[in-house]
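Data file: entry.txt. Format and content: compact mmCIF, C-alpha atoms.
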```
# COMPACT_ATOMS: atom_id res chain seq x y z
CA MET S 11 90.66 90.94 215.30
CA ALA S 12 88.21 88.60 213.64
CA THR S 13 87.67 85.13 214.91
CA GLN S 14 87.21 82.02 212.79
CA ALA S 15 83.43 82.11 213.23
CA ASN S 16 83.30 85.81 212.32
CA THR S 17 85.22 85.37 209.01
CA THR S 18 83.04 82.43 208.03
CA ALA S 19 79.91 84.50 208.52
CA THR S 20 81.21 87.30 206.32
CA THR S 21 82.40 85.03 203.50
CA GLU S 22 79.09 83.15 203.35
CA THR S 23 77.26 86.42 202.62
CA ASN S 24 79.69 87.30 199.83
CA ILE S 25 80.02 85.66 196.44
CA LYS S 26 82.14 86.25 193.35
CA CYS S 27 80.55 88.06 190.43
CA PRO S 28 80.30 85.65 187.44
CA TYR S 29 81.18 88.48 185.04
CA CYS S 30 84.14 90.24 186.70
CA ALA S 31 85.07 87.82 189.56
CA GLU S 32 84.98 90.59 192.20
CA VAL S 33 83.57 89.82 195.66
CA ILE S 34 80.01 91.14 196.10
CA ALA S 35 77.13 90.57 198.51
CA ALA S 36 75.20 87.34 197.94
CA ALA S 37 71.87 89.20 197.95
CA ALA S 38 73.06 91.72 195.29
CA LYS S 39 71.01 92.01 192.15
CA LYS S 40 73.61 94.06 190.32
CA CYS S 41 77.41 93.98 190.55
CA LYS S 42 78.81 97.23 191.96
CA HIS S 43 82.09 96.74 190.07
CA CYS S 44 81.05 95.88 186.51
CA GLY S 45 77.37 96.93 186.54
CA GLU S 46 76.01 93.60 185.25
CA PHE S 47 72.64 92.36 186.50
CA LEU S 48 72.86 89.07 188.39
CA ASP S 49 69.09 88.46 188.57
CA GLN S 50 67.95 86.98 185.23
CA THR S 51 64.46 88.55 185.37
CA LEU S 52 65.94 92.00 185.86
CA ARG S 53 68.47 91.30 183.16
CA GLN S 54 65.67 90.47 180.65
CA GLU S 55 63.63 93.53 181.67
CA ARG S 56 66.58 95.88 181.23
CA MET S 57 67.65 94.50 177.87
CA PRO S 58 67.00 97.01 175.10
CA THR S 59 64.34 95.98 172.60
CA PRO S 60 65.61 95.82 169.04
CA VAL S 61 64.36 98.70 166.92
CA PRO S 62 63.46 97.75 163.33
CA GLN S 63 65.82 99.38 160.89
CA GLN S 64 64.37 102.15 158.85
CA ARG S 65 65.43 102.79 155.30
CA THR S 66 68.58 104.88 155.48
CA TRP S 67 68.67 105.76 151.81
CA ASN S 68 66.52 107.95 149.62
CA PRO S 69 65.28 106.41 146.33
CA GLY S 70 65.46 109.77 144.53
CA THR S 71 69.07 110.27 145.54
CA ALA S 72 69.93 106.75 144.42
CA ALA S 73 68.28 107.36 141.02
CA VAL S 74 70.09 110.67 140.48
CA LEU S 75 73.43 109.13 141.44
CA SER S 76 72.89 106.26 139.00
CA PHE S 77 71.86 108.71 136.30
CA VAL S 78 75.10 110.67 136.69
CA ILE S 79 77.39 107.64 137.04
CA PRO S 80 75.84 104.19 136.48
CA GLY S 81 76.01 101.98 139.56
CA THR S 82 76.61 104.72 142.13
CA GLY S 83 72.97 104.53 143.25
CA GLN S 84 73.47 100.88 144.12
CA LEU S 85 76.71 101.75 145.92
CA TYR S 86 74.80 104.42 147.86
CA LYS S 87 72.28 101.79 148.95
CA GLY S 88 75.06 99.48 150.13
CA GLN S 89 74.93 97.04 147.22
CA ILE S 90 78.61 97.12 146.34
CA LEU S 91 78.75 94.16 143.95
CA ALA S 92 75.58 95.20 142.12
CA GLY S 93 76.89 98.75 141.73
CA LEU S 94 80.18 97.61 140.26
CA CYS S 95 78.38 95.21 137.89
CA TRP S 96 76.07 97.99 136.68
CA LEU S 97 79.06 100.30 136.15
CA VAL S 98 80.93 97.72 134.06
CA GLY S 99 77.79 96.54 132.21
CA VAL S 100 76.60 100.01 131.22
CA GLY S 101 80.13 101.01 130.24
CA ALA S 102 80.42 97.92 128.03
CA GLY S 103 77.00 98.70 126.55
CA TYR S 104 78.13 102.22 125.60
CA LEU S 105 81.39 100.88 124.15
CA ALA S 106 79.63 98.22 122.06
CA PHE S 107 76.92 100.49 120.71
CA VAL S 108 75.17 103.55 122.05
CA VAL S 109 71.66 102.02 122.03
CA PRO S 110 72.39 99.08 124.40
CA GLY S 111 74.22 101.47 126.69
CA VAL S 112 71.20 103.78 126.89
CA PHE S 113 68.85 100.87 127.65
CA LEU S 114 71.20 99.53 130.33
CA HIS S 115 71.60 103.02 131.79
CA ILE S 116 67.81 103.43 132.09
CA ALA S 117 67.54 99.97 133.67
CA CYS S 118 70.30 100.90 136.12
CA VAL S 119 68.50 104.09 137.19
CA TYR S 120 65.22 102.16 137.61
CA ASN S 121 66.97 99.47 139.65
CA ALA S 122 68.57 102.07 141.91
CA TYR S 123 65.21 103.77 142.46
CA SER S 124 62.97 100.77 143.01
CA HIS S 125 64.82 97.83 144.59
CA ASP S 126 65.01 97.95 148.38
CA PRO S 127 68.02 96.01 149.72
CA THR S 128 66.45 95.61 153.18
CA LYS S 129 63.45 93.78 151.71
CA ALA S 130 65.78 91.53 149.71
CA LYS S 131 67.62 90.53 152.89
CA GLU S 132 64.33 89.76 154.64
CA ALA S 133 63.20 87.60 151.73
CA LYS S 134 66.44 85.61 151.80
CA SER S 135 66.21 84.69 155.47
CA LEU S 136 66.52 80.96 155.94
CA ALA S 137 63.59 80.75 158.35
CA ALA S 138 61.17 82.00 155.70
CA GLN S 139 62.36 79.62 152.99
CA PRO S 140 60.64 76.24 152.71
CA ALA S 141 62.73 73.10 152.68
CA ARG S 142 63.84 72.05 149.21
CA ALA S 143 62.99 68.68 147.79
CA PRO S 144 65.93 66.35 147.14
CA TYR S 145 67.52 66.50 143.70
CA ASP S 146 65.71 64.34 141.16
CA PRO S 147 67.71 63.91 137.94
CA GLN S 148 64.61 62.88 136.00
CA LYS S 149 63.10 66.32 136.60
CA HIS S 150 66.19 68.10 135.30
CA PHE S 151 65.83 69.93 131.98
CA SER S 152 68.83 68.31 130.28
CA TYR S 153 67.54 64.83 131.14
CA LYS S 154 64.14 65.59 129.63
CA LEU S 155 65.74 67.15 126.55
CA GLY S 156 67.92 64.07 126.04
CA ARG S 157 64.88 61.81 126.26
CA VAL S 158 63.03 63.85 123.64
CA LEU S 159 66.03 63.93 121.30
CA SER S 160 66.59 60.18 121.65
CA ARG S 161 62.99 59.54 120.63
CA VAL S 162 63.38 61.74 117.57
CA THR S 163 66.63 60.19 116.35
CA THR S 164 65.82 56.52 117.11
CA PRO S 165 63.85 54.68 114.43
CA THR S 166 60.56 53.50 115.86
CA THR S 167 59.02 51.82 112.83
CA PRO S 168 57.67 48.30 113.52
CA ASN S 169 59.39 46.82 110.47
CA ALA S 170 62.86 47.85 111.50
CA VAL S 171 65.42 45.31 110.38
CA ALA S 172 68.49 44.47 112.40
CA LYS S 173 71.60 43.70 110.42
CA SER S 174 74.35 41.48 111.71
CA SER S 175 77.82 41.26 110.26
CA VAL S 176 79.32 37.92 109.28
CA LEU S 177 82.90 37.15 108.30
CA CYS S 178 83.01 35.79 104.78
CA SER S 179 85.25 32.73 104.61
CA SER S 180 86.15 33.17 100.92
CA CYS S 181 87.13 36.86 100.82
CA GLY S 182 87.85 37.58 104.52
CA LYS S 183 85.62 40.63 104.68
CA TYR S 184 82.63 41.29 106.89
CA THR S 185 79.29 41.23 105.16
CA THR S 186 75.88 42.15 106.50
CA SER S 187 72.82 40.07 106.16
CA ALA S 188 69.27 41.09 107.03
CA ILE S 189 67.66 39.28 109.96
CA PRO S 190 64.00 40.14 110.68
CA THR S 191 63.21 40.99 114.27
```
Is it possible to give me this structure as structure tokens?
Amino acid sequence: MATQANTTATTETNIKCPYCAEVIAAAAKKCKHCGEFLDQTLRQERMPTPVPQQRTWNPGTAAVLSFVIPGTGQLYKGQILAGLCWLVGVGAGYLAFVVPGVFLHIACVYNAYSHDPTKAKEAKSLAAQPARAPYDPQKHFSYKLGRVLSRVTTPTTPNAVAKSSVLCSSCGKYTTSAIPT
């Protein structure tokens, strides 16, 4: 039979695992029940290093697939939306006229062969993008176009004459009279 002092000594050397809540030795570096490392330095050393992803698609295969059916090369590369857009666009090009369909088909095959979706994802990472300047309406194209058009349509001659309308007391109609500015 264990005495009070004996049970206290055994419980002080045991702790609960933070991952599975089983009782383990306090000096343990790894839980015997769940296999998790309790020591953070060992945990970091044993973590697998991420392997950079290699291209899992072949450009030649993507080009041949897009040549047979437009857009399937993009689908093969994992670009689902782009593949469906190419399929619909090339089909519409062939339905409209044969010549636009042929040009779109060639562009689709070239796109399937040359564009790497893994590089596009790397380029779009937020860490690589610089911070954007706040929106300035005076730099917007429509604002500048409106300014140019207003200068063209507004008379800018120095002898421009402003005309005011006056109510004629005899006939009751408005008449205009020239007032120099």
### Query
Quick one: residues within 10 Å of region 99-105 of chain S, only C-alpha atoms counted, chain neighbours fewer than 4 positions away excluded, as a PyMOL selection string?
chain S and resi 79-81+93-95+109-118
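One finds CA of Arg53 (chain S) at 9.4 Å from CA of Lys39 (chain S).
Restricting the calculation to all atoms listed in the file, the smallest distance between Trp67 (chain S) and any of S:Ile34, S:Leu155, S:Leu85, S:Cys41 is found for S:Leu85.
The coordinates place CA of Val78 (chain S) at 20.9 Å from CA of Pro127 (chain S).
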### Query
Just how far from CA of Gln84 (chain S) is CA of Ala72 (chain S), in Å to one decimal?
6.9 Å
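Closest approach to Gly70 (chain S) from the set S:Val119, S:Val176, S:Ala37, S:Cys181 is made by S:Val119, with distances taken over all atoms listed in the file.
Of the listed residues S:Gln54, S:Asn68, S:Asn24, S:Thr128, the one whose atoms come nearest to Gln89 (chain S) is S:Thr128, with distances taken using only C-alpha atoms.
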#### Entry: Which of S:Thr51, S:Ser160, S:Thr59, S:Asn121 sits closest to Thr82 (chain S) [using all atoms listed in the file]
S:Asn121
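The residue that comes closest to Glu46 (chain S), out of S:Pro69, S:Gly156, S:Gly83, S:Pro28 and on the basis of all atoms listed in the file, is S:Pro28.
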